[in-house]
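Shown next, in C-alpha coordinates, is the structure this report addresses.
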Amino acid sequence: RYQNFLLEEQQQQTARNHSYCSKEDLQVWTNAFLYLIQKLQWRAIIMHHNNNASSCSSLLPTRHRLVLKTPSHTGRIRLLLRLFPNAKFVHIHRHPLHVYRSAVHMANTTYGYCFLQRPTATTTTTTQSQSQKNKRHVLQEFILRQYELLLNEYQNCLQEGLLSPDKQNWSEVSFEQLTDDPVATIHKIYQDIGMINNDNTTTNNINKLMLQELKEYCQREQLNKYQRNKFDRFQLTPETKHEIEER
(Lines give C-alpha, C1' and ligand atoms only; values in the text may rest on other atoms or scores of the structure.)
Protein backbone atom coordinates (compact mmCIF):
# COMPACT_ATOMS: atom_id res chain seq x y z
CA ARG A 1 0.00 0.00 0.00
CA TYR A 2 3.04 2.30 0.18
CA GLN A 3 2.70 3.08 -3.52
CA ASN A 4 -0.97 3.96 -3.01
CA PHE A 5 0.09 7.37 -1.75
CA LEU A 6 2.30 8.15 -4.71
CA LEU A 7 -0.63 9.22 -6.87
CA GLU A 8 -3.53 11.62 -6.46
CA GLU A 9 -7.22 11.27 -7.35
CA GLN A 10 -6.80 12.20 -11.01
CA GLN A 11 -4.31 9.42 -11.49
CA GLN A 12 -6.23 6.79 -9.59
CA GLN A 13 -8.79 6.22 -12.33
CA THR A 14 -6.30 5.90 -15.19
CA ALA A 15 -3.36 4.02 -13.68
CA ARG A 16 -3.00 0.49 -14.96
CA ASN A 17 -4.12 -2.51 -12.96
CA HIS A 18 -3.61 -0.96 -9.53
CA SER A 19 -5.93 -0.36 -6.60
CA TYR A 20 -5.17 3.02 -5.06
CA CYS A 21 -5.91 4.48 -1.67
CA SER A 22 -9.36 5.45 -0.50
CA LYS A 23 -10.30 8.93 0.64
CA GLU A 24 -10.09 7.68 4.20
CA ASP A 25 -6.52 6.47 3.69
CA LEU A 26 -5.61 9.77 2.07
CA GLN A 27 -7.05 11.70 5.01
CA VAL A 28 -5.12 9.57 7.50
CA TRP A 29 -1.87 10.24 5.61
CA THR A 30 -2.63 13.98 5.35
CA ASN A 31 -3.36 14.31 9.06
CA ALA A 32 -0.13 12.49 9.95
CA PHE A 33 1.87 14.67 7.55
CA LEU A 34 0.42 17.93 8.94
CA TYR A 35 1.18 16.68 12.45
CA LEU A 36 4.80 16.11 11.43
CA ILE A 37 5.02 19.63 10.00
CA GLN A 38 3.66 21.10 13.26
CA LYS A 39 6.20 19.12 15.28
CA LEU A 40 9.04 20.43 13.11
CA GLN A 41 7.79 23.99 13.59
CA TRP A 42 7.65 23.60 17.36
CA ARG A 43 11.09 21.99 17.34
CA ALA A 44 12.49 25.10 15.62
CA ILE A 45 10.86 27.32 18.25
CA ILE A 46 12.17 25.25 21.16
CA MET A 47 15.71 25.08 19.74
CA HIS A 48 15.67 28.85 19.17
CA HIS A 49 14.53 29.44 22.74
CA ASN A 50 17.16 27.10 24.21
CA ASN A 51 19.95 28.68 22.17
CA ASN A 52 18.93 32.18 23.22
CA ALA A 53 17.78 31.55 26.79
CA SER A 54 20.27 34.04 28.23
CA SER A 55 19.54 36.79 25.74
CA CYS A 56 16.65 39.16 25.28
CA SER A 57 15.77 37.87 21.84
CA SER A 58 12.22 37.05 20.88
CA LEU A 59 10.74 33.66 21.76
CA LEU A 60 9.79 33.12 18.12
CA PRO A 61 12.65 32.48 15.68
CA THR A 62 13.02 34.23 12.36
CA ARG A 63 10.66 32.58 9.93
CA HIS A 64 12.37 30.25 7.48
CA ARG A 65 11.01 27.99 4.82
CA LEU A 66 10.84 24.35 5.80
CA VAL A 67 12.88 22.23 3.37
CA LEU A 68 11.85 18.59 2.97
CA LYS A 69 14.12 16.23 1.05
CA THR A 70 11.53 13.60 0.20
CA PRO A 71 11.71 12.08 -3.30
CA SER A 72 8.32 10.40 -2.92
CA HIS A 73 6.70 13.84 -2.69
CA THR A 74 7.29 14.00 -6.45
CA GLY A 75 4.07 12.00 -6.68
CA ARG A 76 2.18 14.22 -4.21
CA ILE A 77 2.55 17.60 -5.89
CA ARG A 78 -1.20 18.11 -6.32
CA LEU A 79 -1.92 17.29 -2.70
CA LEU A 80 0.93 19.44 -1.38
CA LEU A 81 -0.19 22.41 -3.47
CA ARG A 82 -3.69 22.10 -2.03
CA LEU A 83 -2.29 21.98 1.50
CA PHE A 84 0.35 24.67 0.87
CA PRO A 85 -0.50 26.82 -2.20
CA ASN A 86 2.80 28.71 -1.90
CA ALA A 87 4.93 25.57 -1.79
CA LYS A 88 7.96 25.44 -4.07
CA PHE A 89 9.49 22.32 -5.62
CA VAL A 90 13.08 21.56 -6.60
CA HIS A 91 13.54 18.54 -8.86
CA ILE A 92 17.07 17.09 -8.89
CA HIS A 93 17.50 14.56 -11.68
CA ARG A 94 20.23 12.00 -12.22
CA HIS A 95 21.11 9.29 -14.73
CA PRO A 96 18.51 6.47 -14.38
CA LEU A 97 21.14 3.74 -14.03
CA HIS A 98 22.75 5.59 -11.11
CA VAL A 99 19.34 6.16 -9.54
CA TYR A 100 18.46 2.48 -9.83
CA ARG A 101 21.72 1.30 -8.27
CA SER A 102 21.28 3.79 -5.43
CA ALA A 103 17.70 2.59 -4.88
CA VAL A 104 18.80 -1.05 -4.74
CA HIS A 105 21.53 -0.16 -2.25
CA MET A 106 19.00 1.67 -0.05
CA ALA A 107 16.59 -1.26 -0.26
CA ASN A 108 19.28 -3.75 0.74
CA THR A 109 20.55 -1.65 3.65
CA THR A 110 17.41 -0.01 5.08
CA TYR A 111 14.19 -1.73 4.03
CA GLY A 112 14.77 -4.58 6.46
CA TYR A 113 14.29 -2.21 9.40
CA CYS A 114 10.80 -1.34 8.14
CA PHE A 115 9.43 -4.85 7.66
CA LEU A 116 6.87 -6.26 10.08
CA GLN A 117 7.65 -9.76 8.87
CA ARG A 118 10.23 -11.56 6.77
CA PRO A 119 9.70 -10.48 3.15
CA THR A 120 8.75 -13.28 0.81
CA ALA A 121 8.25 -13.37 -2.92
CA THR A 122 4.83 -14.42 -4.17
CA THR A 123 5.96 -17.63 -5.80
CA THR A 124 5.38 -21.36 -5.59
CA THR A 125 9.00 -22.27 -6.27
CA THR A 126 10.83 -24.01 -3.51
CA THR A 127 14.49 -23.99 -4.42
CA GLN A 128 16.65 -21.37 -2.74
CA SER A 129 18.19 -20.13 -6.01
CA GLN A 130 14.77 -19.70 -7.59
CA SER A 131 13.44 -17.93 -4.49
CA GLN A 132 16.37 -15.49 -4.41
CA LYS A 133 15.97 -14.81 -8.12
CA ASN A 134 12.27 -14.11 -7.69
CA LYS A 135 12.90 -11.79 -4.74
CA ARG A 136 15.32 -9.79 -6.87
CA HIS A 137 12.66 -9.56 -9.58
CA VAL A 138 10.06 -8.33 -7.07
CA LEU A 139 12.49 -5.70 -5.75
CA GLN A 140 13.41 -4.60 -9.28
CA GLU A 141 9.76 -4.25 -10.27
CA PHE A 142 8.98 -2.32 -7.08
CA ILE A 143 11.76 0.20 -7.77
CA LEU A 144 10.94 0.61 -11.46
CA ARG A 145 7.20 0.89 -10.87
CA GLN A 146 7.72 3.45 -8.12
CA TYR A 147 9.79 5.69 -10.37
CA GLU A 148 7.26 5.30 -13.18
CA LEU A 149 4.55 6.59 -10.87
CA LEU A 150 6.68 9.47 -9.62
CA LEU A 151 8.00 10.68 -12.96
CA ASN A 152 4.68 10.28 -14.80
CA GLU A 153 2.91 12.41 -12.22
CA TYR A 154 5.74 14.96 -12.28
CA GLN A 155 5.49 15.25 -16.07
CA ASN A 156 1.71 15.60 -15.83
CA CYS A 157 2.03 18.45 -13.35
CA LEU A 158 4.46 20.23 -15.67
CA GLN A 159 2.18 19.78 -18.68
CA GLU A 160 -0.84 21.02 -16.74
CA GLY A 161 1.04 24.13 -15.56
CA LEU A 162 0.87 23.33 -11.87
CA LEU A 163 4.63 23.86 -11.84
CA SER A 164 6.02 26.59 -14.07
CA PRO A 165 8.68 29.33 -14.23
CA ASP A 166 5.91 31.94 -14.36
CA LYS A 167 4.60 30.80 -10.98
CA GLN A 168 8.13 30.73 -9.58
CA ASN A 169 7.32 27.51 -7.74
CA TRP A 170 9.64 25.11 -9.55
CA SER A 171 13.30 24.58 -10.37
CA GLU A 172 15.05 21.65 -12.01
CA VAL A 173 18.77 20.91 -11.82
CA SER A 174 20.97 17.88 -12.25
CA PHE A 175 22.66 16.05 -9.41
CA GLU A 176 26.00 16.66 -11.12
CA GLN A 177 25.42 20.42 -11.19
CA LEU A 178 24.66 20.46 -7.49
CA THR A 179 27.70 18.42 -6.48
CA ASP A 180 30.17 20.06 -8.89
CA ASP A 181 29.20 23.68 -8.20
CA PRO A 182 26.80 23.93 -5.22
CA VAL A 183 26.99 27.72 -4.90
CA ALA A 184 26.07 28.50 -8.52
CA THR A 185 23.42 25.80 -8.59
CA ILE A 186 21.73 26.94 -5.38
CA HIS A 187 21.85 30.50 -6.71
CA LYS A 188 20.02 29.30 -9.83
CA ILE A 189 17.43 27.49 -7.71
CA TYR A 190 16.80 30.63 -5.65
CA GLN A 191 16.34 32.66 -8.81
CA ASP A 192 13.95 30.11 -10.33
CA ILE A 193 11.69 30.00 -7.29
CA GLY A 194 11.63 33.77 -6.82
CA MET A 195 13.75 34.04 -3.69
CA ILE A 196 16.33 36.24 -5.40
CA ASN A 197 15.59 39.35 -7.43
CA ASN A 198 17.48 42.43 -8.56
CA ASP A 199 14.70 44.99 -8.38
CA ASN A 200 16.69 47.59 -6.46
CA THR A 201 20.02 48.25 -4.82
CA THR A 202 18.90 47.05 -1.39
CA THR A 203 17.76 43.61 -2.54
CA ASN A 204 20.83 43.29 -4.76
CA ASN A 205 23.08 43.88 -1.76
CA ILE A 206 21.13 41.32 0.25
CA ASN A 207 21.60 38.84 -2.58
CA LYS A 208 25.36 39.41 -2.58
CA LEU A 209 25.49 38.96 1.19
CA MET A 210 23.51 35.73 0.96
CA LEU A 211 25.83 34.37 -1.74
CA GLN A 212 28.86 35.22 0.36
CA GLU A 213 27.37 33.41 3.37
CA LEU A 214 26.59 30.43 1.15
CA LYS A 215 30.18 30.29 -0.10
CA GLU A 216 31.50 30.47 3.45
CA TYR A 217 29.14 27.68 4.52
CA CYS A 218 30.30 25.42 1.68
CA GLN A 219 33.92 26.04 2.60
CA ARG A 220 33.29 25.58 6.32
CA GLU A 221 31.47 22.30 5.79
CA GLN A 222 34.09 21.23 3.21
CA LEU A 223 31.47 20.42 0.60
CA ASN A 224 34.20 20.52 -2.03
CA LYS A 225 35.46 17.25 -0.55
CA TYR A 226 32.07 15.57 -0.90
CA GLN A 227 32.35 12.11 -2.43
CA ARG A 228 29.49 10.32 -4.09
CA ASN A 229 28.52 6.83 -3.01
CA LYS A 230 30.04 4.07 -5.08
CA PHE A 231 28.31 0.79 -5.75
CA ASP A 232 31.11 -1.11 -7.45
CA ARG A 233 30.00 -4.39 -5.85
CA PHE A 234 26.61 -4.11 -7.50
CA GLN A 235 26.87 -4.53 -11.27
CA LEU A 236 23.85 -4.27 -13.53
CA THR A 237 23.25 -7.12 -15.93
CA PRO A 238 22.59 -6.32 -19.60
CA GLU A 239 19.00 -7.50 -19.10
CA THR A 240 18.48 -5.10 -16.18
CA LYS A 241 20.00 -2.19 -18.08
CA HIS A 242 17.71 -2.91 -21.01
CA GLU A 243 14.67 -3.08 -18.70
CA ILE A 244 15.53 0.28 -17.12
CA GLU A 245 16.07 1.96 -20.47
CA GLU A 246 12.79 0.56 -21.83
CA ARG A 247 10.79 1.64 -18.80
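Here's how to read the names in the C-alpha coordinates: chain A, B, ... by the order shown, residue numbers from 1 in each chain, ligand numbers from 1 in the order shown.
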
**Study point:** Non-local contacts of A:Thr185 (12 Å; only C-alpha atoms; under 4 positions in same chain excluded) as a list of chain:residue names
**Key:** A:Val90, A:Ile92, A:Ser171, A:Glu172, A:Val173, A:Ser174, A:Phe175, A:Glu176, A:Gln177, A:Leu178, A:Thr179, A:Asp180, A:Asp181, A:Ile189, A:Tyr190, A:Gln191, A:Asp192, A:Leu211, A:Leu214, A:Lys215

Exercise for review: Tell me which protein, DNA and RNA residues are within 10 Å of A:Ala107, counting only C-alpha atoms, leaving out same-chain ones fewer than 6 positions away, and put them as a PyMOL selection string.
Suggested key: chain A and resi 101+113+139+143

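Candidate residues A:Ala184, A:Leu66, A:Ser72, A:Ser22 were compared for distance to A:Lys39, and the nearest is A:Leu66, using only C-alpha atoms.
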
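Computed from the coordinates, the atom CA of A:Asn169 to atom CA of A:Pro85 distance equals 9.6 Å.
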
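Across A:Leu97, A:Ala87, A:Met47, A:Val28, the tightest approach to A:Leu162 is made by A:Ala87 when counting only C-alpha atoms.
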
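A straight line drawn from atom CA of A:Glu246 to atom CA of A:Ile77 is 25.5 Å long.
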
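For the pair atom CA of A:Arg118 and atom CA of A:Ala32, the interatomic distance is 26.4 Å.
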
Which stretch 40-107 of chain A residues have any atom within 10 Å of an atom of stretch 226-238 of chain A, and for each, what is the nearest pair of atoms with distance in Å to one decimal, counting only C-alpha atoms, rows sorted by chain and number, as a Markdown table?
| residue | atom | partner | partner_atom | distance |
| --- | --- | --- | --- | --- |
| A:Leu97 | CA | A:Leu236 | CA | 8.5 |
| A:His98 | CA | A:Phe231 | CA | 9.1 |
| A:Tyr100 | CA | A:Leu236 | CA | 9.4 |
| A:Arg101 | CA | A:Phe231 | CA | 7.1 |
| A:Ser102 | CA | A:Phe231 | CA | 7.7 |
| A:Val104 | CA | A:Phe234 | CA | 8.8 |
| A:His105 | CA | A:Phe231 | CA | 7.7 |

Check your understanding: Using the chain letters and numbers from this document, which residues of stretch 19-227 of chain A does DSSP assign to helix (DSSP H, G or I), as a ChimeraX atom specification?
Key -> /A:23-51,71-75,77-83,96-114,128-159,175-180,182-192,201-220,223-225
